[in-house]
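What follows is the content of my_file33.tsv, which has TSV, C-alpha atoms:
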chain	number	residue	atom	x	y	z
B	1	MET	CA	-20.45	-2.46	-51.43
B	2	ARG	CA	-16.77	-1.78	-50.72
B	3	PHE	CA	-14.92	-0.52	-47.67
B	4	ARG	CA	-11.23	-0.32	-46.83
B	5	ALA	CA	-9.15	1.92	-44.58
B	6	THR	CA	-5.81	2.03	-42.82
B	7	VAL	CA	-6.19	2.49	-39.06
B	8	GLU	CA	-3.60	5.17	-38.43
B	9	ASN	CA	-4.50	5.95	-34.83
B	10	VAL	CA	-5.01	2.49	-33.34
B	11	ALA	CA	-4.71	3.69	-29.74
B	12	ILE	CA	-7.58	6.20	-30.00
B	13	PHE	CA	-9.83	3.74	-31.87
B	14	CYS	CA	-9.11	1.14	-29.20
B	15	ARG	CA	-9.92	3.53	-26.36
B	16	ILE	CA	-13.20	4.60	-27.96
B	17	ILE	CA	-14.33	0.98	-28.21
B	18	GLN	CA	-13.05	0.33	-24.70
B	19	ALA	CA	-15.28	3.17	-23.48
B	20	VAL	CA	-18.43	1.56	-24.92
B	21	GLU	CA	-17.53	-2.13	-24.52
B	22	LYS	CA	-18.71	-2.26	-20.90
B	23	LEU	CA	-22.05	-0.80	-21.98
B	24	GLN	CA	-23.38	-3.57	-24.17
B	25	ARG	CA	-22.19	-6.68	-25.98
B	26	LYS	CA	-23.02	-5.40	-29.46
B	27	CYS	CA	-22.80	-1.96	-30.98
B	28	ILE	CA	-23.70	-0.39	-34.30
B	29	ILE	CA	-21.06	1.33	-36.42
B	30	LYS	CA	-22.13	3.53	-39.31
B	31	PHE	CA	-19.40	4.46	-41.77
B	32	THR	CA	-19.98	7.47	-44.01
B	33	GLU	CA	-17.64	9.36	-46.33
B	34	ASN	CA	-16.41	11.71	-43.59
B	35	GLU	CA	-17.52	10.25	-40.25
B	36	MET	CA	-17.77	7.08	-38.22
B	37	HIS	CA	-20.79	6.81	-35.92
B	38	ILE	CA	-20.71	4.37	-32.99
B	39	ILE	CA	-24.12	3.70	-31.47
B	40	CYS	CA	-25.18	1.79	-28.36
B	41	ASN	CA	-28.96	2.02	-28.11
B	42	ASP	CA	-30.05	-1.39	-26.80
B	43	ASP	CA	-33.15	-1.09	-24.62
B	44	ALA	CA	-31.73	-3.93	-22.51
B	45	ASN	CA	-28.95	-1.64	-21.23
B	46	GLU	CA	-29.15	-1.28	-17.49
B	47	GLY	CA	-30.60	2.09	-16.64
B	48	GLY	CA	-31.43	2.85	-20.29
B	49	ILE	CA	-28.06	4.52	-20.96
B	50	GLN	CA	-27.32	5.14	-24.65
B	51	VAL	CA	-24.27	6.30	-26.60
B	52	TRP	CA	-24.35	8.16	-29.92
B	53	SER	CA	-20.85	9.09	-31.02
B	54	VAL	CA	-19.44	10.85	-34.06
B	55	VAL	CA	-15.76	10.49	-34.95
B	56	LYS	CA	-14.07	12.30	-37.84
B	57	VAL	CA	-12.62	9.83	-40.33
B	58	ASP	CA	-9.31	11.69	-40.67
B	59	SER	CA	-8.72	11.59	-36.91
B	60	ILE	CA	-8.31	7.78	-37.01
B	61	PHE	CA	-8.03	6.57	-40.63
B	62	THR	CA	-5.96	7.15	-43.74
B	63	ASN	CA	-6.45	5.72	-47.25
B	64	TYR	CA	-10.17	5.65	-46.44
B	65	ARG	CA	-12.38	4.32	-49.24
B	66	ILE	CA	-16.09	3.58	-49.04
B	67	GLN	CA	-18.67	2.78	-51.72
B	68	SER	CA	-22.27	1.62	-51.44
B	69	ASN	CA	-25.67	2.12	-53.02
B	70	ALA	CA	-26.90	3.75	-49.81
B	71	ASN	CA	-25.28	7.18	-50.39
B	72	ASN	CA	-21.86	5.66	-49.72
B	73	GLN	CA	-22.88	4.67	-46.22
B	74	ILE	CA	-22.35	1.24	-44.62
B	75	THR	CA	-23.89	0.35	-41.25
B	76	VAL	CA	-22.95	-2.82	-39.37
B	77	ALA	CA	-23.75	-4.44	-36.02
B	78	LEU	CA	-20.93	-6.31	-34.33
B	79	SER	CA	-19.54	-7.57	-31.03
B	80	THR	CA	-17.76	-4.82	-29.07
B	81	GLU	CA	-15.62	-7.42	-27.30
B	82	ALA	CA	-14.45	-9.00	-30.58
B	83	LEU	CA	-13.69	-5.58	-32.09
B	84	LEU	CA	-11.72	-4.51	-29.02
B	85	SER	CA	-9.77	-7.77	-29.04
B	86	SER	CA	-8.80	-7.27	-32.70
B	87	LEU	CA	-7.61	-3.72	-32.09
B	88	ARG	CA	-5.64	-4.68	-28.98
B	89	SER	CA	-3.94	-7.50	-30.87
B	90	SER	CA	-2.38	-5.07	-33.32
B	91	SER	CA	-0.02	-3.48	-30.82
B	92	ALA	CA	0.76	-3.26	-27.14
B	93	SER	CA	0.57	0.52	-27.51
B	94	ALA	CA	-3.16	0.22	-28.21
B	95	SER	CA	-3.77	-1.05	-24.70
B	96	SER	CA	-4.25	1.29	-21.80
B	97	THR	CA	-3.30	-1.23	-19.11
B	98	ALA	CA	-0.12	-3.11	-18.31
B	99	ALA	CA	-2.10	-6.28	-17.70
B	100	ALA	CA	-3.62	-6.19	-21.18
B	101	SER	CA	-0.26	-5.38	-22.73
B	102	SER	CA	1.33	-8.43	-21.12
B	103	ILE	CA	-0.95	-10.86	-22.98
B	104	LEU	CA	-0.58	-9.29	-26.42
B	105	PRO	CA	1.39	-10.99	-29.22
B	106	ALA	CA	5.14	-10.44	-29.46
B	107	TYR	CA	4.96	-8.07	-32.43
B	108	ASP	CA	4.03	-4.50	-33.30
B	109	ALA	CA	1.97	-3.74	-36.39
B	110	ASP	CA	3.54	-1.28	-38.80
B	111	GLU	CA	0.23	-1.12	-40.64
B	112	LEU	CA	-3.32	-2.10	-39.73
B	113	VAL	CA	-5.83	-2.37	-42.58
B	114	MET	CA	-9.55	-2.70	-41.89
B	115	LYS	CA	-11.81	-3.86	-44.70
B	116	LEU	CA	-15.22	-5.34	-45.41
B	117	ALA	CA	-15.06	-8.94	-46.57
B	118	LYS	CA	-17.08	-12.12	-46.91
B	119	LYS	CA	-15.78	-15.47	-45.73
B	120	ASN	CA	-17.79	-18.70	-45.89
B	121	ASP	CA	-20.89	-16.65	-46.76
B	122	GLN	CA	-20.43	-14.63	-43.55
B	123	ALA	CA	-19.85	-10.87	-43.67
B	124	VAL	CA	-16.82	-9.84	-41.62
B	125	LEU	CA	-14.80	-6.77	-40.76
B	126	SER	CA	-11.31	-8.02	-41.47
B	127	PHE	CA	-8.24	-6.58	-39.74
B	128	GLU	CA	-4.94	-7.29	-41.49
B	129	MET	CA	-1.79	-6.47	-39.55
B	130	PHE	CA	1.59	-6.14	-41.20
B	131	GLY	CA	4.60	-5.81	-38.99
B	132	VAL	CA	7.85	-7.22	-37.66
B	133	SER	CA	8.18	-9.66	-34.78
B	134	ARG	CA	10.57	-8.95	-31.92
B	135	SER	CA	12.92	-11.50	-33.46
B	136	GLY	CA	13.02	-9.42	-36.67
B	137	ARG	CA	10.76	-11.56	-38.88
B	138	LYS	CA	8.02	-10.07	-41.05
B	139	VAL	CA	4.54	-10.85	-39.74
B	140	ARG	CA	1.09	-10.77	-41.35
B	141	VAL	CA	-1.85	-11.52	-39.07
B	142	THR	CA	-5.56	-11.41	-39.87
B	143	HIS	CA	-8.42	-11.07	-37.38
B	144	ASP	CA	-12.01	-11.37	-38.62
B	145	VAL	CA	-14.93	-9.89	-36.68
B	146	ARG	CA	-18.34	-11.24	-37.65
B	147	ILE	CA	-20.80	-8.49	-38.58
B	148	GLU	CA	-24.39	-8.03	-39.62
B	149	VAL	CA	-24.79	-5.51	-42.42
B	150	MET	CA	-27.91	-3.47	-41.71
B	151	ARG	CA	-30.39	-2.63	-44.45
B	152	PRO	CA	-31.13	1.07	-45.16
B	153	ALA	CA	-34.69	0.62	-43.83
B	154	GLU	CA	-33.28	-0.58	-40.50
B	155	VAL	CA	-30.79	2.29	-40.37
B	156	ASP	CA	-33.58	4.83	-40.96
B	157	LYS	CA	-35.27	3.64	-37.76
B	158	LEU	CA	-32.28	4.60	-35.63
B	159	ARG	CA	-33.17	7.69	-33.64
B	160	GLU	CA	-31.30	9.59	-30.96
B	161	PRO	CA	-33.26	10.16	-27.74
B	162	LEU	CA	-35.48	13.26	-27.71
B	163	CYS	CA	-34.54	15.52	-24.83
B	164	PRO	CA	-35.66	18.96	-23.68
B	165	GLU	CA	-33.31	21.93	-23.84
B	166	PRO	CA	-30.76	21.48	-21.01
B	167	ASP	CA	-31.12	23.73	-17.99
B	168	VAL	CA	-27.37	23.92	-17.39
B	169	HIS	CA	-24.09	23.02	-19.09
B	170	ILE	CA	-21.01	22.49	-16.94
B	171	LEU	CA	-17.45	21.33	-17.51
B	172	LEU	CA	-16.73	18.19	-15.48
B	173	PRO	CA	-13.54	17.56	-13.49
B	174	PRO	CA	-11.18	14.88	-14.87
B	175	LEU	CA	-13.25	11.71	-15.24
B	176	GLN	CA	-10.61	9.49	-13.61
B	177	LYS	CA	-10.88	11.52	-10.37
B	178	LEU	CA	-14.67	11.55	-10.64
B	179	ARG	CA	-14.68	7.79	-11.07
B	180	THR	CA	-12.67	7.29	-7.87
B	181	ILE	CA	-15.29	9.25	-5.90
B	182	VAL	CA	-18.29	7.49	-7.46
B	183	GLU	CA	-16.70	4.07	-6.87
B	184	ARG	CA	-16.65	4.88	-3.15
B	185	LEU	CA	-20.30	5.90	-3.23
B	186	ARG	CA	-21.49	2.78	-5.05
B	187	PRO	CA	-21.72	0.50	-1.97
B	188	LEU	CA	-23.82	3.14	-0.20
B	189	SER	CA	-26.59	3.81	-2.72
B	190	ASP	CA	-27.98	2.73	-6.11
B	191	VAL	CA	-29.00	6.27	-7.02
B	192	LEU	CA	-26.84	9.37	-7.39
B	193	ALA	CA	-27.88	13.02	-7.64
B	194	LEU	CA	-26.05	15.12	-10.22
B	195	ARG	CA	-26.55	18.83	-9.53
B	196	ALA	CA	-25.16	22.00	-11.09
B	197	ASN	CA	-25.90	25.69	-11.49
B	198	ASN	CA	-24.86	28.41	-13.94
B	199	SER	CA	-22.26	29.91	-11.62
B	200	GLY	CA	-19.80	27.01	-11.76
B	201	LYS	CA	-21.04	24.83	-8.91
B	202	LEU	CA	-21.17	21.04	-9.40
B	203	GLN	CA	-22.39	18.53	-6.84
B	204	ILE	CA	-22.54	14.73	-6.70
B	205	ALA	CA	-24.57	13.39	-3.81
B	206	ILE	CA	-26.28	10.32	-2.41
B	207	SER	CA	-29.03	10.27	0.20
B	208	THR	CA	-30.48	7.23	1.93
B	209	ASP	CA	-32.18	6.59	5.28
B	210	SER	CA	-28.82	5.82	6.84
B	211	VAL	CA	-26.31	8.05	5.04
B	212	LYS	CA	-25.98	11.36	3.21
B	213	VAL	CA	-22.81	12.21	1.27
B	214	GLU	CA	-22.14	15.23	-0.95
B	215	THR	CA	-19.07	16.19	-2.98
B	216	GLN	CA	-18.89	19.69	-4.40
B	217	TRP	CA	-16.74	21.54	-6.91
B	218	ILE	CA	-16.81	25.30	-7.42
B	219	GLY	CA	-15.40	27.42	-10.21
B	220	CYS	CA	-16.26	24.97	-13.00
B	221	ALA	CA	-16.81	26.52	-16.43
B	222	ASN	CA	-20.36	26.88	-17.79
B	223	PRO	CA	-20.02	26.65	-21.58
B	224	SER	CA	-23.01	27.57	-23.74
B	225	LEU	CA	-23.16	24.86	-26.38
B	226	ARG	CA	-26.45	25.04	-28.26
B	227	GLN	CA	-26.80	28.82	-28.54
B	228	ALA	CA	-23.19	29.27	-29.63
B	229	GLN	CA	-23.61	26.61	-32.31
B	230	VAL	CA	-26.79	28.18	-33.67
B	231	GLU	CA	-25.26	31.65	-33.77
B	232	GLU	CA	-22.15	30.36	-35.52
B	233	GLU	CA	-24.16	28.39	-38.11
B	234	GLN	CA	-26.49	31.32	-38.84
B	235	ASN	CA	-23.71	33.92	-38.60
B	236	VAL	CA	-25.81	36.21	-36.45
B	237	ASP	CA	-25.08	38.30	-33.41
B	238	PRO	CA	-26.43	36.89	-30.16
B	239	GLU	CA	-29.72	38.43	-29.08
B	240	PRO	CA	-29.98	39.73	-25.53
B	241	THR	CA	-32.04	37.29	-23.48
B	242	GLU	CA	-33.17	37.30	-19.90
B	243	LYS	CA	-30.64	35.18	-18.04
B	244	PRO	CA	-31.89	32.75	-15.39
B	245	ASP	CA	-30.72	33.02	-11.79
B	246	PRO	CA	-27.12	31.72	-11.98
B	247	GLU	CA	-27.37	30.38	-8.42
B	248	LYS	CA	-30.40	28.18	-9.14
B	249	VAL	CA	-29.40	24.52	-8.88
B	250	PHE	CA	-30.71	21.97	-11.38
B	251	ALA	CA	-30.63	18.27	-10.60
B	252	VAL	CA	-31.22	14.82	-12.01
B	253	LEU	CA	-31.19	11.44	-10.26
B	254	VAL	CA	-29.32	8.71	-12.17
B	255	SER	CA	-28.32	5.11	-11.58
B	256	VAL	CA	-24.88	4.86	-9.95
B	257	ARG	CA	-24.03	1.87	-12.12
B	258	SER	CA	-25.05	3.73	-15.29
B	259	PHE	CA	-22.94	6.72	-14.27
B	260	LEU	CA	-19.94	4.45	-13.66
B	261	LYS	CA	-20.37	2.96	-17.12
B	262	PHE	CA	-20.19	6.47	-18.56
B	263	LEU	CA	-17.06	7.12	-16.48
B	264	ASN	CA	-15.30	4.27	-18.31
B	265	SER	CA	-14.84	6.89	-21.05
B	266	HIS	CA	-12.05	8.42	-18.94
B	267	VAL	CA	-9.69	6.39	-21.17
B	268	VAL	CA	-10.47	8.67	-24.12
B	269	SER	CA	-11.62	11.91	-22.48
B	270	THR	CA	-9.75	15.19	-22.54
B	271	THR	CA	-12.79	17.44	-22.03
B	272	THR	CA	-16.26	16.41	-20.84
B	273	ILE	CA	-19.31	18.65	-20.66
B	274	ALA	CA	-22.38	17.61	-18.67
B	275	CYS	CA	-25.84	18.92	-19.55
B	276	ILE	CA	-28.65	18.52	-17.03
B	277	CYS	CA	-32.27	18.39	-18.10
B	278	GLN	CA	-33.94	18.70	-14.73
B	279	ASN	CA	-35.70	15.49	-13.62
B	280	HIS	CA	-35.41	14.11	-17.18
B	281	CYS	CA	-31.88	13.06	-18.10
B	282	ALA	CA	-28.18	13.84	-18.08
B	283	ILE	CA	-26.43	14.33	-21.44
B	284	LEU	CA	-22.66	13.97	-21.33
B	285	TYR	CA	-20.35	15.03	-24.17
B	286	VAL	CA	-16.96	13.33	-24.10
B	287	TYR	CA	-14.64	15.09	-26.54
B	288	ILE	CA	-11.79	13.30	-28.31
B	289	GLY	CA	-9.19	16.04	-28.17
B	290	GLU	CA	-9.81	19.66	-27.29
B	291	VAL	CA	-13.31	21.02	-27.95
B	292	ALA	CA	-12.22	23.57	-30.54
B	293	ASP	CA	-10.44	20.94	-32.63
B	294	ALA	CA	-11.98	17.68	-31.46
B	295	GLY	CA	-11.55	14.53	-33.52
B	296	GLY	CA	-15.01	13.49	-32.41
B	297	VAL	CA	-17.42	13.34	-29.52
B	298	LEU	CA	-19.07	10.51	-27.58
B	299	THR	CA	-22.53	11.54	-26.39
B	300	PHE	CA	-23.96	9.61	-23.44
B	301	TYR	CA	-27.66	9.83	-22.56
B	302	ILE	CA	-28.52	8.72	-19.01
B	303	PRO	CA	-32.26	8.86	-18.15
B	304	SER	CA	-33.42	9.99	-14.74
B	305	VAL	CA	-34.40	7.55	-12.04
B	306	ILE	CA	-37.92	8.07	-10.73
B	307	GLU	CA	-37.92	7.44	-7.02
B	308	ASP	CA	-41.05	6.18	-5.29
Now that the file is in, can you turn its structure into structure tokens?
Amino acid sequence: MRFRATVENVAIFCRIIQAVEKLQRKCIIKFTENEMHIICNDDANEGGIQVWSVVKVDSIFTNYRIQSNANNQITVALSTEALLSSLRSSSASASSTAAASSILPAYDADELVMKLAKKNDQAVLSFEMFGVSRSGRKVRVTHDVRIEVMRPAEVDKLREPLCPEPDVHILLPPLQKLRTIVERLRPLSDVLALRANNSGKLQIAISTDSVKVETQWIGCANPSLRQAQVEEEQNVDPEPTEKPDPEKVFAVLVSVRSFLKFLNSHVVSTTTIACICQNHCAILYVYIGEVADAGGVLTFYIPSVIED
């Protein structure tokens, strides 16, 4: 089993891990020949939120080499905090905050190499940084992140949540602005209603015995994801279908805290599409780059809250 790659786009890798680090203490990373999958599926997650992401290898890595007896796939479980710390240590540019930048080492890495290694009988993901200090001296720093290499039988048991066909797809406003609004709603309610229709209307609302608040956007785009993908893959012309009432509103109730955890992905998001499966779940696609040429996508599954 061998794995080695140069992390070319440290900032994006760092932001992806930053987006999932608040979700759970450990994550699963599956490396294949062309993709990196980052999975957070711990049942202990508050609200049952899960993340299943796919990132194209060439959007982050160069000199990428992988070899294993499991179809050249390697799957590991590791600490998200330790991984984020190693990535942040490579360069101040990898950090998205001034506060984090201020505590980073006084050097910038010219090259960051990530490789699978074994030290003292412990499997690690080793990060070797080669660079120059601010005083002009050459620097070589190594950070080791302890990992658990998963067996193929364990990997085969990993399954994305089964969800019904979404009732509506809608393009979300910038997540940073959305986060500001939801932060203000958090002290007022534990549950948030996410509503949308197929004519570009999006609503976020809370309702309790003492307060009702609703924020609405109009003119949002309604992309058609699944049907467009099927038609493109099968190279067929779209069949005329009876369209539902575009004004009909579909809704799902979700945990405010779970929704805020999803909104941490604002650090990596350029385009985010929300899919509502009425009274079942919200599926949120956070694209790394523009949709047409995305370097990957983080998919968040937030189950509905059943109110008494």
Shell around Val20 (chain B) at 8 Å using all atoms listed in the file, local window under 5 positions removed, as a list in words:
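Contacts, with the query itself left out: Cys40, Val51, Thr80, Asn264 and Ser265 of chain B.
For Asn198 (chain B), the list of residues within 7 Å, based on all atoms listed in the file and with local chain neighbours fewer than 2 positions off taken out, reads Val168, Gly200, Asn222, Pro246 and Glu247 of chain B.
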Have a look at CA of Ala70 (chain B) and CA of Leu298 (chain B) and let me know their distance in Å, one decimal.
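Calculated distance between CA of Ala70 (chain B) and CA of Leu298 (chain B) is 24.5 Å.
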Can you list, as a list in words, every protein, DNA or RNA residue that comes within 10 Å of Ala294 (chain B) when you count all atoms listed in the file, leaving out same-chain residues fewer than 2 positions away?
Val55, Lys56, Ser59, Thr270, Thr271, Val286, Tyr287, Ile288, Gly289, Glu290, Val291, Ala292, Gly296 and Val297 of chain B
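Each of B:Thr32, B:Asp167, B:Pro173, B:Val182 was checked against Asn279 (chain B) using only C-alpha atoms; the smallest atom-to-atom distance is that of B:Asp167.
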Within 12 Å of (-21.3, -0.9, -44.9) (file coordinates; only C-alpha atoms), which protein or nucleic acid residues are there? I'd like them as a PyMOL selection string.
chain B and resi 1-4+28-33+36-37+65-78+115-117+123-125+147-152+155
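Straight-line separation from CA of Asp110 (chain B) to CA of Glu21 (chain B): 25.5 Å.
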Contacts of Asp144 (chain B) within 12 Å, all atoms listed in the file, excl. fewer than 3 positions in-chain, as an MDAnalysis selection string:
chainID B and resid 78:79 82:87 89 113:120 122:129 141 147
Between CA of Leu178 (chain B) and CA of Ile60 (chain B), what is the spacing in Å?
27.4 Å
I'd like the neighbourhood of region 183-193 of chain B as a ChimeraX atom specification, where a residue qualifies if any of its atoms comes within 7 Å (using only C-alpha atoms), though same-chain residues fewer than 4 positions away should be ignored.
/B:179,204-206,208,251-256
Go through B:Ile218, B:Leu172, B:Ile39, B:Val132 and flag the residue nearest Arg159 (chain B), using all atoms listed in the file for the distances.
B:Ile39
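Of the listed residues B:Cys163, B:Ile49, B:Leu158, B:Val305, the one whose atoms come nearest to Leu194 (chain B) is B:Val305, with distances taken using only C-alpha atoms.
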